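The structure appears below as structure tokens.
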Amino acid sequence: MTRVVAIVLVKNENLFIERVIRNIAGFCDEILLADHESDDGTTEILQKLAAEFPHARLHRIKYASESHDLLQPYVNTPTWIFGVDGDELYDPAQLGAFRPRLDAGEFDQWWMIFGNVLNCDDWQQTARRASGFLSPPSRSMTKLYNFNAITSWKGDNPSRLHGGKILFKPGFDETRKLELHQRHTWENSPFRCLHLCFVPRSSKTSSEETHRHHPEVKGRNFWHECLQHFWRTLRPEASRDWRQERYRRGPRVEVDVTGF
């Protein structure tokens with residue numbers, strides 16, 4: 001039986017995290033909440049959600065790499081791993097319609113599935129409108145992995161679904177990627193996400209700090225963290241440039257986001 005397991009890695013995401021989880025709750029059989037030392041109230045929100053949803057489990061982690069360790073029991077099983085961040089709002093109705101297609105095996109020949117994304121720099125919740133940059137031409141950052149296609153994923157994994165060495169079953173390799181965002185428009189996409197990457201995600205974050213690094217940059221040990229901190233001090237523009245290059249391609253558009 002096909003299962004969908006979400007791995008949600010968060011650090012200081014108190015503004016959107018509750019909606020993030022509620023939007024994916026009906027799509028998933030399990031939700032692994034990996035809280036990476038939040039101190040802005042995110043932990044309390046996750047505790048409430050874990051108590052409300054029987055299929056959600058909260059894990060407090062010290063290093064982001066521990067989030068990948070949580071996925072090891074699902075390797076080589078009929079499981080789709082759904083990587084979700086605290087700034088990613090998925091369309092719950094579209095996910096609901098997409099799930100039976102996963103269960104029916106329509107996508108079993110693929111290793112990864114990418115969806116349509118709006119990289120938002122403005123979200124007007126009351127007006128139900130959002131503005132930003134679509135993929136394509138921007139990069140799609142959705143993460144849905146077929147763990148039945150692999151026999152192992154271990155090694156130096158800085159966070160869930162990153163790094164390390166993947167051993168594929170016969171017939172699969174890194175090229176088996178389905179890019180739904182290249183086949184569908186935003187309006188008719190079966191798998192789409194509001195990526196609030198240019199909007200503050202925490203009440204502790206100012207609008208000028210929305211380029212902050214993702215929690216996955218925190219490695220497995222003290223010296224790795226020191227090197228990362230030193231690099232960010234020398235090149236504070238690196239994270240800004242990376243986001244600008246990948247998530248601000250093409251014209252800026254405004255869309256109706258009522259379903260989100």
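Every chain in the structure tokens has a letter given in the order shown (A, B, ...), and although residue numbers restart at 1 in each chain, ligands are simply numbered from 1 in the order shown.
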Contacts of range 59-167 of chain A with range 1-25 of chain A up to 7 Å, shortest pair per row, only C-alpha atoms, as a Markdown table:
```
| residue | atom | partner | partner_atom | distance |
| --- | --- | --- | --- | --- |
| A:Ser67 | CA | A:Leu9 | CA | 7.0 |
| A:Pro78 | CA | A:Thr2 | CA | 5.1 |
| A:Thr79 | CA | A:Arg3 | CA | 4.7 |
| A:Trp80 | CA | A:Val4 | CA | 4.7 |
| A:Ile81 | CA | A:Val5 | CA | 5.0 |
| A:Phe82 | CA | A:Ala6 | CA | 4.4 |
| A:Gly83 | CA | A:Ile7 | CA | 5.1 |
| A:Val84 | CA | A:Val8 | CA | 4.8 |
| A:Asp85 | CA | A:Val8 | CA | 5.7 |
| A:Gly86 | CA | A:Ile17 | CA | 5.3 |
| A:Asp87 | CA | A:Phe16 | CA | 6.6 |
| A:Glu88 | CA | A:Val20 | CA | 6.3 |
| A:Leu89 | CA | A:Val20 | CA | 5.1 |
| A:Tyr90 | CA | A:Asn23 | CA | 6.1 |
| A:Asp91 | CA | A:Asn23 | CA | 6.7 |
| A:Pro92 | CA | A:Asn23 | CA | 5.0 |
| A:Asp103 | CA | A:Thr2 | CA | 5.6 |
```
Could you write out the selected residues, including C-alpha atoms, as an mmCIF file, in the first residue's frame?
```
data_model
loop_
_atom_site.group_PDB
_atom_site.id
_atom_site.type_symbol
_atom_site.label_atom_id
_atom_site.label_comp_id
_atom_site.auth_asym_id
_atom_site.auth_seq_id
_atom_site.Cartn_x
_atom_site.Cartn_y
_atom_site.Cartn_z
ATOM 1 C CA SER A 67 15.969 15.083 9.985
ATOM 2 C CA PRO A 78 6.249 1.953 -1.147
ATOM 3 C CA THR A 79 6.486 5.430 0.364
ATOM 4 C CA TRP A 80 6.487 8.897 -1.128
ATOM 5 C CA ILE A 81 8.526 11.269 1.045
ATOM 6 C CA PHE A 82 7.180 14.817 0.955
ATOM 7 C CA GLY A 83 9.765 17.426 1.971
ATOM 8 C CA VAL A 84 8.075 20.568 3.315
ATOM 9 C CA ASP A 85 9.503 23.801 4.719
ATOM 10 C CA GLY A 86 7.875 26.365 6.974
ATOM 11 C CA ASP A 87 7.412 28.827 4.106
ATOM 12 C CA GLU A 88 5.625 26.415 1.748
ATOM 13 C CA LEU A 89 1.838 26.506 1.480
ATOM 14 C CA TYR A 90 0.374 23.759 -0.707
ATOM 15 C CA ASP A 91 -3.069 23.818 -2.268
ATOM 16 C CA PRO A 92 -4.981 21.250 -0.151
ATOM 17 C CA ASP A 103 -2.070 5.501 -4.840
#
```
Report task. Can you list, as a PyMOL selection string, all residues belonging to range 32-257 of chain A that DSSP tags as strand (DSSP E or B)? Result -> chain A and resi 32-35+56-60+79-85+88-90+112-114+116-124+129-135+143-146+150-154+165-168+177-179+192-195+252-256
Query raised in the report: If you run DSSP on this backbone, which residues of range 35-174 of chain A come out as alpha helix (DSSP H), and could you give them as a list in words?
Result: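 Answer for range 35-174 of chain A restricted to alpha helix (DSSP H) is Thr42, Thr43, Glu44, Ile45, Leu46, Gln47, Lys48, Leu49, Ala50, Ala51, Glu52, Glu66, Ser67, His68, Asp69, Pro92, Ala93, Gln94, Leu95, Gly96, Ala97, Phe98, Arg99, Pro100, Arg101, Leu102 and Asp103 of chain A.
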Write the residues of the selection above to a file with C-alpha atoms, as a compact mmCIF listing (two decimals), in the first residue's frame.
```txt
# COMPACT_ATOMS: atom_id res chain seq x y z
CA THR A 42 7.04 27.49 16.71
CA THR A 43 7.59 24.60 19.12
CA GLU A 44 4.37 25.31 20.98
CA ILE A 45 2.43 25.46 17.70
CA LEU A 46 3.87 22.11 16.64
CA GLN A 47 3.02 20.58 20.00
CA LYS A 48 -0.58 21.66 19.57
CA LEU A 49 -0.75 20.26 16.05
CA ALA A 50 0.86 16.96 17.09
CA ALA A 51 -1.79 16.62 19.80
CA GLU A 52 -4.57 17.36 17.29
CA GLU A 66 18.98 14.37 12.19
CA SER A 67 15.97 15.08 9.98
CA HIS A 68 17.43 12.80 7.31
CA ASP A 69 18.01 10.08 9.89
CA PRO A 92 -4.98 21.25 -0.15
CA ALA A 93 -7.73 20.65 -2.72
CA GLN A 94 -5.23 19.92 -5.46
CA LEU A 95 -3.29 17.63 -3.12
CA GLY A 96 -6.52 15.78 -2.37
CA ALA A 97 -7.11 15.17 -6.07
CA PHE A 98 -3.47 14.23 -6.63
CA ARG A 99 -3.31 11.59 -3.89
CA PRO A 100 -5.46 8.94 -5.67
CA ARG A 101 -3.16 9.17 -8.66
CA LEU A 102 -0.18 8.40 -6.43
CA ASP A 103 -2.07 5.50 -4.84
```
Residues near Leu194 in chain A, cut-off 12 Å, only C-alpha atoms, skip fewer than 2 positions along chain, as an mmCIF file with N, CA and C atoms, in the first residue's frame:
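See around05.cif below for the written result:
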```cif
data_model
loop_
_atom_site.group_PDB
_atom_site.id
_atom_site.type_symbol
_atom_site.label_atom_id
_atom_site.label_comp_id
_atom_site.auth_asym_id
_atom_site.auth_seq_id
_atom_site.Cartn_x
_atom_site.Cartn_y
_atom_site.Cartn_z
ATOM 1 N N PHE A 16 3.624 31.058 9.705
ATOM 2 C CA PHE A 16 2.894 30.268 8.713
ATOM 3 C C PHE A 16 2.785 28.785 9.035
ATOM 4 N N ARG A 19 -0.623 26.859 9.229
ATOM 5 C CA ARG A 19 -1.317 26.699 7.954
ATOM 6 C C ARG A 19 -0.576 25.721 7.056
ATOM 7 N N VAL A 20 0.746 25.747 7.096
ATOM 8 C CA VAL A 20 1.539 24.790 6.315
ATOM 9 C C VAL A 20 1.114 23.366 6.639
ATOM 10 N N ASN A 23 -2.597 22.439 5.688
ATOM 11 C CA ASN A 23 -2.811 22.274 4.257
ATOM 12 C C ASN A 23 -2.365 20.907 3.736
ATOM 13 N N VAL A 84 8.821 19.313 3.175
ATOM 14 C CA VAL A 84 8.075 20.568 3.315
ATOM 15 C C VAL A 84 8.829 21.498 4.254
ATOM 16 N N ASP A 85 8.896 22.769 3.876
ATOM 17 C CA ASP A 85 9.503 23.801 4.719
ATOM 18 C C ASP A 85 8.415 24.679 5.327
ATOM 19 N N GLY A 86 8.829 25.508 6.276
ATOM 20 C CA GLY A 86 7.875 26.365 6.974
ATOM 21 C C GLY A 86 7.397 27.562 6.188
ATOM 22 N N ASP A 87 7.881 27.727 4.952
ATOM 23 C CA ASP A 87 7.412 28.827 4.106
ATOM 24 C C ASP A 87 6.731 28.293 2.850
ATOM 25 N N GLU A 88 6.225 27.043 2.916
ATOM 26 C CA GLU A 88 5.625 26.415 1.748
ATOM 27 C C GLU A 88 4.165 26.066 2.022
ATOM 28 N N LEU A 89 3.271 26.762 1.350
ATOM 29 C CA LEU A 89 1.838 26.506 1.480
ATOM 30 C C LEU A 89 1.357 25.774 0.228
ATOM 31 N N TYR A 90 0.883 24.537 0.412
ATOM 32 C CA TYR A 90 0.374 23.759 -0.707
ATOM 33 C C TYR A 90 -1.141 23.891 -0.803
ATOM 34 N N ASP A 91 -1.637 23.750 -2.006
ATOM 35 C CA ASP A 91 -3.069 23.818 -2.268
ATOM 36 C C ASP A 91 -3.700 22.511 -1.793
ATOM 37 N N PRO A 92 -4.467 22.512 -0.697
ATOM 38 C CA PRO A 92 -4.981 21.250 -0.151
ATOM 39 C C PRO A 92 -5.966 20.541 -1.071
ATOM 40 N N GLY A 115 6.589 20.290 -8.785
ATOM 41 C CA GLY A 115 5.325 20.940 -9.072
ATOM 42 C C GLY A 115 5.480 22.411 -9.384
ATOM 43 N N ASN A 116 4.360 23.060 -9.638
ATOM 44 C CA ASN A 116 4.355 24.497 -9.921
ATOM 45 C C ASN A 116 4.506 25.289 -8.626
ATOM 46 N N VAL A 117 5.195 26.429 -8.741
ATOM 47 C CA VAL A 117 5.500 27.239 -7.569
ATOM 48 C C VAL A 117 5.300 28.717 -7.901
ATOM 49 N N LEU A 118 4.764 29.456 -6.934
ATOM 50 C CA LEU A 118 4.799 30.920 -6.992
ATOM 51 C C LEU A 118 5.702 31.380 -5.862
ATOM 52 N N ASN A 119 6.854 31.941 -6.215
ATOM 53 C CA ASN A 119 7.791 32.464 -5.229
ATOM 54 C C ASN A 119 7.329 33.865 -4.828
ATOM 55 N N CYS A 120 6.728 33.959 -3.653
ATOM 56 C CA CYS A 120 5.980 35.159 -3.267
ATOM 57 C C CYS A 120 6.855 36.228 -2.621
ATOM 58 N N ASP A 121 6.662 37.460 -3.062
ATOM 59 C CA ASP A 121 7.230 38.603 -2.353
ATOM 60 C C ASP A 121 6.138 39.457 -1.713
ATOM 61 N N ASP A 122 4.873 39.058 -1.927
ATOM 62 C CA ASP A 122 3.751 39.751 -1.292
ATOM 63 C C ASP A 122 2.570 38.794 -1.211
ATOM 64 N N TRP A 123 1.986 38.706 -0.010
ATOM 65 C CA TRP A 123 0.836 37.828 0.205
ATOM 66 C C TRP A 123 -0.231 38.613 0.959
ATOM 67 N N ARG A 129 -4.895 37.343 -2.456
ATOM 68 C CA ARG A 129 -4.054 37.554 -3.620
ATOM 69 C C ARG A 129 -2.591 37.411 -3.202
ATOM 70 N N ALA A 130 -1.764 36.948 -4.120
ATOM 71 C CA ALA A 130 -0.329 36.855 -3.874
ATOM 72 C C ALA A 130 0.403 37.268 -5.142
ATOM 73 N N SER A 131 1.566 37.864 -4.960
ATOM 74 C CA SER A 131 2.387 38.309 -6.083
ATOM 75 C C SER A 131 3.774 37.700 -5.967
ATOM 76 N N GLY A 132 4.364 37.434 -7.130
ATOM 77 C CA GLY A 132 5.702 36.866 -7.128
ATOM 78 C C GLY A 132 6.082 36.342 -8.489
ATOM 79 N N PHE A 133 6.896 35.287 -8.486
ATOM 80 C CA PHE A 133 7.527 34.802 -9.711
ATOM 81 C C PHE A 133 7.273 33.305 -9.853
ATOM 82 N N LEU A 134 6.717 32.926 -10.984
ATOM 83 C CA LEU A 134 6.299 31.543 -11.215
ATOM 84 C C LEU A 134 7.450 30.658 -11.691
ATOM 85 N N SER A 135 7.305 29.373 -11.379
ATOM 86 C CA SER A 135 8.169 28.372 -12.012
ATOM 87 C C SER A 135 7.295 27.517 -12.937
ATOM 88 N N SER A 140 11.709 25.320 -9.523
ATOM 89 C CA SER A 140 10.741 24.630 -8.670
ATOM 90 C C SER A 140 11.485 23.992 -7.502
ATOM 91 N N MET A 141 11.003 24.238 -6.264
ATOM 92 C CA MET A 141 11.675 23.687 -5.089
ATOM 93 C C MET A 141 10.812 22.653 -4.370
ATOM 94 N N THR A 142 9.716 22.213 -4.991
ATOM 95 C CA THR A 142 8.894 21.186 -4.368
ATOM 96 C C THR A 142 9.689 19.880 -4.269
ATOM 97 N N TRP A 186 0.113 27.307 -13.890
ATOM 98 C CA TRP A 186 -0.209 27.476 -12.475
ATOM 99 C C TRP A 186 -1.684 27.177 -12.219
ATOM 100 N N PHE A 191 -0.252 19.952 -8.599
ATOM 101 C CA PHE A 191 0.689 19.925 -7.477
ATOM 102 C C PHE A 191 1.359 21.298 -7.431
ATOM 103 N N ARG A 192 0.822 22.200 -6.598
ATOM 104 C CA ARG A 192 1.322 23.565 -6.628
ATOM 105 C C ARG A 192 1.493 24.137 -5.220
ATOM 106 N N LEU A 196 6.769 31.198 0.190
ATOM 107 C CA LEU A 196 6.837 32.529 0.793
ATOM 108 C C LEU A 196 8.280 32.904 1.127
ATOM 109 N N CYS A 197 9.143 32.763 0.123
ATOM 110 C CA CYS A 197 10.580 32.896 0.356
ATOM 111 C C CYS A 197 11.039 34.334 0.525
ATOM 112 N N PHE A 198 10.242 35.296 0.080
ATOM 113 C CA PHE A 198 10.620 36.701 0.215
ATOM 114 C C PHE A 198 9.736 37.419 1.231
ATOM 115 N N VAL A 199 9.096 36.648 2.099
ATOM 116 C CA VAL A 199 8.200 37.174 3.131
ATOM 117 C C VAL A 199 8.710 36.687 4.480
ATOM 118 N N TYR A 247 14.800 32.304 -7.722
ATOM 119 C CA TYR A 247 13.382 32.472 -7.424
ATOM 120 C C TYR A 247 12.769 33.770 -7.945
ATOM 121 N N GLU A 254 0.524 38.454 -10.400
ATOM 122 C CA GLU A 254 -0.366 38.396 -9.248
ATOM 123 C C GLU A 254 -1.444 37.347 -9.529
ATOM 124 N N VAL A 255 -1.716 36.485 -8.535
ATOM 125 C CA VAL A 255 -2.672 35.396 -8.735
ATOM 126 C C VAL A 255 -3.642 35.320 -7.575
ATOM 127 N N ASP A 256 -4.771 34.689 -7.832
ATOM 128 C CA ASP A 256 -5.771 34.412 -6.803
ATOM 129 C C ASP A 256 -5.321 33.178 -6.025
ATOM 130 N N VAL A 257 -5.251 33.287 -4.700
ATOM 131 C CA VAL A 257 -4.791 32.164 -3.877
ATOM 132 C C VAL A 257 -5.858 31.770 -2.855
ATOM 133 N N THR A 258 -7.102 31.854 -3.269
ATOM 134 C CA THR A 258 -8.217 31.531 -2.380
ATOM 135 C C THR A 258 -8.091 30.119 -1.809
ATOM 136 N N GLY A 259 -7.667 29.169 -2.627
ATOM 137 C CA GLY A 259 -7.604 27.782 -2.184
ATOM 138 C C GLY A 259 -6.557 27.486 -1.137
ATOM 139 N N PHE A 260 -5.636 28.407 -0.926
ATOM 140 C CA PHE A 260 -4.542 28.171 -0.001
ATOM 141 C C PHE A 260 -4.890 28.627 1.418
#
```
**Report entry** Atomic distance CA of Lys177 in chain A - CA of Ala149 in chain A, expressed in Å with one decimal
**Finding:** 11.8 Å
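Counting only C-alpha atoms and comparing A:Leu144, A:Ala127, A:Ile113, A:Leu161, the residue that lies closest to Leu180 in chain A is A:Ile113.
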